[in-house]
Amino acid sequence: MLKKSYFLLSLLQVGLSQEWKGNTSRNVTAQEGSCVKIPCHYSYPSHLANRPRGAVWFNTEEVIPWARLAFHSKDHNHEAPKFRNRTRLSGDLKDGDCSLIINNITRNDSGPYFFRIEFGHGFDHNYYPATRLHVSDFTDKPTIFPAEIIAGKRVDISCTFNTTCNGTTPVLTWDTPTDVPGSVSNTVTQHGITLTYTSVLTLTPSLKHHGQNLTCRLRYPSVSSERTLVLTVQYKPEISQESECTRRSEGVTCTCMANSNPPGDLTWHLPHANISGNQTQGRLVSWQVRDGHLMIGSLILTVPQDEEEVTASCSVRNPHGEAMFKVYLWVKGRDSREWTVGLLMAGIILCGFVAGILISMYVKKRKTATEERVSEISDIELSPIPLTAKHQNTTRDTTRKAEKSAPPRHSEGPVGEDAGHENPSGPDNLLYANINIAKLRSGDGTVSSEVDTEYAQITFQQN
């Protein structure tokens, strides 16, 4: 009977000891500056399920006097200063989750960690073996998921970062070209123990942004990293200004050049045929070469001088559009240089004609203005001036003296039609008058107020 009792006691002790179980990792690696989660799950005797408990994490291999505490759930003052405000539990102790979170990891955080549960009254338990934490350099980078970027079309570009630590939240930001307006939205999702941080940039790129950098930056409080995407903007073909036709002795050579992304397919369209690639058809020779996003096509036409006029067009097409370039392969009796000279002469003649019209209008306008000024000249005003008696007598005496002193001149007299008529010059036939002439307009358009007075002797001839 006694042996049977010892046997039952041994089974009970084994059963109780099996209820204190822990599930921890032997090694955990964290990157400096980020956060780390030391996973931990524990079990305990079922009769303690409703009792309060406390959690303690030691930064040592085992319990020793004055052991350094990384976390104490009931009194944070027991924690070592370097861990204070940086550690916490990630789950609920009642659910058996004893995982430890350490934020802003430093090199000094390296070392062993083990967990202890305290129910009190002697029901405490240490879970061994300890977990060893290793700290490395920060090398994590975000991931950019490229999207098809088409000039002029709105696009969403995603940047993500995954972590198993739900401690310090990382921040994702974008560096974009200054002239690319965009909007950003951030989300966090969880799949199992993995947290995914996502930042979506929405923008509308243009052709000039091709080859520019788009950067997504990951930031923790003390460290950061980034991922850069070189923008590959797709766009429809654009004909280069270097496309031209030249005439040589052997014929006409036309070159068609177009930029596009993806590179386009080039085709020559002629009145009776379409030519692409490298081939020869009669007097037509075509060849093409691709240099990156630049497509270059050449078409050579060898014809006699009396050949009729030939026109052609070059088309370049890709999934985003088409561009065309029309050329004269041959113009009878003229080459491209003569056409250029002819157009230049026509332009000169047109300019001369327009200049002549402008000059004619200017002259006509000046002439009209001059006529208006001349019409404003004041009329000549004649007004008799009464003479005083003294003035009149003096004049008459003077006249009489002149008649007496003047010898008779019988040999002189009127000639021709005036012969036989006398020319009376007596004082009774004299009249004095003043002539008032208003000044013409001056250069500034005003009329002078000055009046010049001239006295004149006017003789009236009697019939």
# chains A, B, ... in the order shown; residues from 1 in each chain; ligands from 1

$ closest_atom_pairs --of "stretch 129-224 of chain A" --to "stretch 257-264 of chain A" --cutoff "10 Å" --atoms "only C-alpha atoms" --output "CSV"
residue,atom,partner,partner_atom,distance
A:Ile150,CA,A:Asn261,CA,9.1
A:Ala151,CA,A:Asn261,CA,9.9
A:Leu207,CA,A:Asn261,CA,9.8
A:His210,CA,A:Asn261,CA,9.8

$ residues_around --residues "stretch 320-327 of chain A" --least-positions-apart "6" --cutoff "6 Å" --atoms "only C-alpha atoms" --output "compact mmCIF listing (two decimals) with N, CA and C atoms, in the first residue's frame"
# COMPACT_ATOMS: atom_id res chain seq x y z
N LYS A 236 3.88 57.88 -77.34
CA LYS A 236 3.65 57.63 -78.75
C LYS A 236 4.80 58.21 -79.58
N PRO A 237 4.95 57.79 -80.84
CA PRO A 237 6.07 58.28 -81.68
C PRO A 237 6.01 59.78 -81.91
N THR A 311 5.55 61.33 -104.55
CA THR A 311 5.45 61.70 -103.13
C THR A 311 5.36 60.44 -102.31
N ALA A 312 5.76 60.56 -101.04
CA ALA A 312 5.72 59.42 -100.13
C ALA A 312 5.50 59.93 -98.72
N SER A 313 5.18 59.02 -97.83
CA SER A 313 5.03 59.38 -96.41
C SER A 313 5.64 58.27 -95.57
N CYS A 314 6.17 58.71 -94.43
CA CYS A 314 6.78 57.77 -93.47
C CYS A 314 5.88 57.74 -92.24

$ residues_around --residues "A:Trp287" --least-positions-apart "5" --cutoff "8 Å" --atoms "only C-alpha atoms" --output "list of chain:residue names"
A:Ser276, A:Gly277, A:Asn278, A:Gln279, A:Gly297, A:Ser298, A:Leu299

$ write_last_selection --atoms "N, CA, C and O atoms" --output "PDB file, in the first residue's frame"
ATOM      1  N   SER A 276       8.707  48.368 -95.724  1.00  0.00           N
ATOM      2  CA  SER A 276       9.210  48.405 -94.355  1.00  0.00           C
ATOM      3  C   SER A 276      10.395  47.465 -94.251  1.00  0.00           C
ATOM      4  O   SER A 276      10.572  46.569 -95.084  1.00  0.00           O
ATOM      5  N   GLY A 277      11.181  47.667 -93.202  1.00  0.00           N
ATOM      6  CA  GLY A 277      12.346  46.806 -93.018  1.00  0.00           C
ATOM      7  C   GLY A 277      13.432  47.104 -94.034  1.00  0.00           C
ATOM      8  O   GLY A 277      13.483  48.177 -94.650  1.00  0.00           O
ATOM      9  N   ASN A 278      14.330  46.167 -94.220  1.00  0.00           N
ATOM     10  CA  ASN A 278      15.426  46.298 -95.179  1.00  0.00           C
ATOM     11  C   ASN A 278      15.076  45.495 -96.434  1.00  0.00           C
ATOM     12  O   ASN A 278      15.082  44.264 -96.412  1.00  0.00           O
ATOM     13  N   GLN A 279      14.781  46.215 -97.508  1.00  0.00           N
ATOM     14  CA  GLN A 279      14.429  45.538 -98.750  1.00  0.00           C
ATOM     15  C   GLN A 279      14.615  46.477 -99.935  1.00  0.00           C
ATOM     16  O   GLN A 279      14.771  47.682 -99.779  1.00  0.00           O
ATOM     17  N   GLY A 297      14.791  55.288 -90.377  1.00  0.00           N
ATOM     18  CA  GLY A 297      14.510  54.629 -91.645  1.00  0.00           C
ATOM     19  C   GLY A 297      14.988  55.476 -92.801  1.00  0.00           C
ATOM     20  O   GLY A 297      14.903  56.708 -92.763  1.00  0.00           O
ATOM     21  N   SER A 298      15.511  54.827 -93.842  1.00  0.00           N
ATOM     22  CA  SER A 298      16.017  55.547 -95.012  1.00  0.00           C
ATOM     23  C   SER A 298      15.416  54.924 -96.271  1.00  0.00           C
ATOM     24  O   SER A 298      15.285  53.695 -96.376  1.00  0.00           O
ATOM     25  N   LEU A 299      15.032  55.800 -97.215  1.00  0.00           N
ATOM     26  CA  LEU A 299      14.478  55.345 -98.485  1.00  0.00           C
ATOM     27  C   LEU A 299      15.216  56.058 -99.610  1.00  0.00           C
ATOM     28  O   LEU A 299      15.288  57.291 -99.636  1.00  0.00           O
TER      29      LEU A 299
END

$ residues_around --residues "A:Thr106" --least-positions-apart "4" --cutoff "8 Å" --atoms "only C-alpha atoms" --output "number ranges by chain"
A: 32-33, 110, 135

$ write_last_selection --atoms "N, CA and C atoms" --output "short mmCIF file (atom, residue, chain, number, x, y, z; two decimals), in the first residue's frame"
data_model
loop_
_atom_site.label_atom_id
_atom_site.label_comp_id
_atom_site.auth_asym_id
_atom_site.auth_seq_id
_atom_site.Cartn_x
_atom_site.Cartn_y
_atom_site.Cartn_z
N GLU A 32 19.89 47.04 -36.24
CA GLU A 32 20.10 48.22 -35.40
C GLU A 32 19.20 49.36 -35.85
N GLY A 33 18.53 49.98 -34.88
CA GLY A 33 17.66 51.11 -35.17
C GLY A 33 16.21 50.72 -35.37
N SER A 110 22.35 43.32 -27.44
CA SER A 110 22.72 41.93 -27.73
C SER A 110 22.87 41.14 -26.43
N VAL A 135 22.37 41.53 -32.92
CA VAL A 135 22.06 42.82 -33.56
C VAL A 135 23.01 43.04 -34.72
#

$ residues_around --residues "A:Val63" --least-positions-apart "3" --cutoff "10 Å" --atoms "only C-alpha atoms" --output "list in words"
Phe58, Asn59, Thr60, Trp66, Ala67, Arg68, Phe114, Arg116 and Asn126 of chain A

$ write_last_selection --atoms "N, CA, C and O atoms" --output "compact mmCIF listing (two decimals), in the first residue's frame"
# COMPACT_ATOMS: atom_id res chain seq x y z
N PHE A 58 14.34 38.73 -18.12
CA PHE A 58 15.70 38.96 -17.65
C PHE A 58 16.65 39.06 -18.85
O PHE A 58 16.49 38.35 -19.86
N ASN A 59 17.62 39.96 -18.70
CA ASN A 59 18.67 40.09 -19.72
C ASN A 59 19.92 39.31 -19.27
O ASN A 59 21.03 39.81 -19.26
N THR A 60 19.68 38.04 -18.87
CA THR A 60 20.77 37.17 -18.41
C THR A 60 20.43 35.74 -18.84
O THR A 60 19.35 35.45 -19.35
N TRP A 66 20.86 40.43 -8.39
CA TRP A 66 21.00 41.69 -9.10
C TRP A 66 21.01 41.48 -10.63
O TRP A 66 21.70 42.16 -11.36
N ALA A 67 20.24 40.54 -11.05
CA ALA A 67 20.15 40.31 -12.49
C ALA A 67 19.47 41.52 -13.16
O ALA A 67 18.56 42.15 -12.59
N ARG A 68 19.91 41.80 -14.36
CA ARG A 68 19.37 42.96 -15.10
C ARG A 68 18.04 42.60 -15.73
O ARG A 68 17.91 41.60 -16.44
N PHE A 114 15.49 35.60 -20.99
CA PHE A 114 14.56 34.52 -20.66
C PHE A 114 13.37 35.08 -19.90
O PHE A 114 13.44 36.15 -19.28
N ARG A 116 10.03 34.82 -17.09
CA ARG A 116 9.61 34.30 -15.79
C ARG A 116 8.16 34.73 -15.55
O ARG A 116 7.79 35.91 -15.76
N ASN A 126 10.50 29.90 -14.14
CA ASN A 126 11.41 30.43 -15.15
C ASN A 126 11.41 29.49 -16.36
O ASN A 126 11.53 28.27 -16.20

$ atom_distance --atom1 "atom CA of A:Thr176" --atom2 "atom CA of A:Pro146"
14.6 Å

$ atom_distance --atom1 "atom CA of A:Thr198" --atom2 "atom CA of A:Pro221"
18.4 Å

$ select_by_dssp --residues "stretch 146-326 of chain A" --states "strand (DSSP E or B)" --output "NGL selection string"
:A and (149-150 or 155-163 or 171-175 or 182-191 or 194-203 or 213-219 or 224-230 or 233-239 or 244-248 or 251-261 or 265-270 or 273-276 or 279-281 or 284-291 or 294-301 or 310-318 or 321-326)

$ decode --residues "stretch 235-270 of chain A" --atoms "N, CA, C and O atoms" --output "short mmCIF file (atom, residue, chain, number, x, y, z; two decimals), in the first residue's frame"
data_model
loop_
_atom_site.label_atom_id
_atom_site.label_comp_id
_atom_site.auth_asym_id
_atom_site.auth_seq_id
_atom_site.Cartn_x
_atom_site.Cartn_y
_atom_site.Cartn_z
N TYR A 235 5.49 56.43 -74.46
CA TYR A 235 4.88 57.53 -75.19
C TYR A 235 4.77 57.18 -76.66
O TYR A 235 5.47 56.31 -77.17
N LYS A 236 3.88 57.88 -77.34
CA LYS A 236 3.65 57.63 -78.75
C LYS A 236 4.80 58.21 -79.58
O LYS A 236 5.57 59.05 -79.10
N PRO A 237 4.95 57.79 -80.84
CA PRO A 237 6.07 58.28 -81.68
C PRO A 237 6.01 59.78 -81.91
O PRO A 237 4.95 60.38 -82.02
N GLU A 238 7.19 60.37 -82.00
CA GLU A 238 7.36 61.78 -82.33
C GLU A 238 8.42 61.89 -83.42
O GLU A 238 9.56 61.44 -83.23
N ILE A 239 8.05 62.49 -84.55
CA ILE A 239 8.98 62.64 -85.67
C ILE A 239 10.06 63.65 -85.32
O ILE A 239 9.77 64.75 -84.83
N SER A 240 11.30 63.31 -85.56
CA SER A 240 12.43 64.21 -85.27
C SER A 240 12.54 65.27 -86.36
O SER A 240 12.21 65.05 -87.53
N GLN A 241 13.02 66.46 -85.97
CA GLN A 241 13.23 67.54 -86.94
C GLN A 241 14.38 67.25 -87.89
O GLN A 241 14.57 67.96 -88.88
N GLU A 242 15.15 66.22 -87.59
CA GLU A 242 16.25 65.85 -88.48
C GLU A 242 15.78 65.03 -89.68
O GLU A 242 16.58 64.69 -90.55
N SER A 243 14.50 64.70 -89.72
CA SER A 243 13.96 63.98 -90.87
C SER A 243 13.97 64.90 -92.09
O SER A 243 13.50 66.05 -92.02
N GLU A 244 14.49 64.43 -93.23
CA GLU A 244 14.63 65.28 -94.41
C GLU A 244 14.87 64.43 -95.64
O GLU A 244 15.09 63.21 -95.56
N CYS A 245 14.82 65.10 -96.80
CA CYS A 245 15.16 64.48 -98.08
C CYS A 245 16.27 65.29 -98.75
O CYS A 245 16.26 66.53 -98.71
N THR A 246 17.20 64.61 -99.35
CA THR A 246 18.30 65.26 -100.08
C THR A 246 18.43 64.61 -101.45
O THR A 246 18.14 63.41 -101.62
N ARG A 247 18.87 65.41 -102.41
CA ARG A 247 19.03 64.90 -103.78
C ARG A 247 20.49 64.89 -104.15
O ARG A 247 21.18 65.89 -104.00
N ARG A 248 20.91 63.78 -104.64
CA ARG A 248 22.28 63.64 -105.11
C ARG A 248 22.25 63.15 -106.55
O ARG A 248 21.17 62.94 -107.12
N SER A 249 23.43 62.96 -107.09
CA SER A 249 23.51 62.54 -108.49
C SER A 249 22.88 61.17 -108.71
O SER A 249 22.29 60.91 -109.76
N GLU A 250 22.99 60.32 -107.72
CA GLU A 250 22.45 58.97 -107.89
C GLU A 250 20.96 58.88 -107.61
O GLU A 250 20.33 57.85 -107.83
N GLY A 251 20.34 59.95 -107.07
CA GLY A 251 18.91 59.93 -106.79
C GLY A 251 18.56 60.71 -105.55
O GLY A 251 19.31 61.59 -105.11
N VAL A 252 17.41 60.38 -104.98
CA VAL A 252 16.90 61.08 -103.80
C VAL A 252 16.95 60.15 -102.60
O VAL A 252 16.55 58.97 -102.69
N THR A 253 17.47 60.66 -101.48
CA THR A 253 17.53 59.89 -100.25
C THR A 253 16.71 60.61 -99.18
O THR A 253 16.96 61.78 -98.88
N CYS A 254 15.72 59.92 -98.63
CA CYS A 254 14.88 60.47 -97.56
C CYS A 254 15.17 59.70 -96.26
O CYS A 254 15.23 58.47 -96.26
N THR A 255 15.30 60.46 -95.18
CA THR A 255 15.55 59.88 -93.86
C THR A 255 14.41 60.24 -92.94
O THR A 255 14.03 61.41 -92.84
N CYS A 256 13.85 59.24 -92.28
CA CYS A 256 12.75 59.44 -91.32
C CYS A 256 13.23 58.95 -89.96
O CYS A 256 13.65 57.80 -89.82
N MET A 257 13.15 59.83 -88.93
CA MET A 257 13.61 59.51 -87.59
C MET A 257 12.48 59.79 -86.61
O MET A 257 11.85 60.85 -86.68
N ALA A 258 12.25 58.85 -85.68
CA ALA A 258 11.16 59.03 -84.71
C ALA A 258 11.56 58.42 -83.37
O ALA A 258 12.14 57.33 -83.32
N ASN A 259 11.23 59.15 -82.28
CA ASN A 259 11.42 58.65 -80.92
C ASN A 259 10.10 58.12 -80.39
O ASN A 259 9.05 58.77 -80.56
N SER A 260 10.15 56.99 -79.72
CA SER A 260 8.94 56.44 -79.10
C SER A 260 9.35 55.37 -78.10
O SER A 260 10.44 54.81 -78.16
N ASN A 261 8.43 55.10 -77.16
CA ASN A 261 8.66 54.04 -76.19
C ASN A 261 7.35 53.30 -75.95
O ASN A 261 6.38 53.90 -75.47
N PRO A 262 7.28 52.05 -76.33
CA PRO A 262 8.35 51.25 -76.95
C PRO A 262 8.64 51.71 -78.37
O PRO A 262 7.82 52.39 -78.97
N PRO A 263 9.82 51.35 -78.91
CA PRO A 263 10.16 51.77 -80.27
C PRO A 263 9.08 51.33 -81.25
O PRO A 263 8.51 50.23 -81.14
N GLY A 264 8.79 52.20 -82.22
CA GLY A 264 7.71 51.93 -83.17
C GLY A 264 8.17 51.18 -84.40
O GLY A 264 9.37 50.97 -84.63
N ASP A 265 7.18 50.77 -85.19
CA ASP A 265 7.43 50.12 -86.48
C ASP A 265 7.32 51.17 -87.58
O ASP A 265 6.31 51.89 -87.67
N LEU A 266 8.34 51.25 -88.44
CA LEU A 266 8.42 52.29 -89.47
C LEU A 266 8.03 51.69 -90.82
O LEU A 266 8.51 50.62 -91.20
N THR A 267 7.18 52.43 -91.54
CA THR A 267 6.73 51.99 -92.86
C THR A 267 6.74 53.18 -93.82
O THR A 267 6.31 54.28 -93.45
N TRP A 268 7.23 52.95 -95.06
CA TRP A 268 7.18 53.94 -96.13
C TRP A 268 5.96 53.67 -96.99
O TRP A 268 5.75 52.54 -97.46
N HIS A 269 5.13 54.69 -97.18
CA HIS A 269 3.92 54.56 -98.00
C HIS A 269 4.13 55.31 -99.31
O HIS A 269 4.29 56.53 -99.32
N LEU A 270 4.12 54.58 -100.43
CA LEU A 270 4.29 55.15 -101.76
C LEU A 270 3.00 54.94 -102.56
O LEU A 270 2.12 54.17 -102.16
#
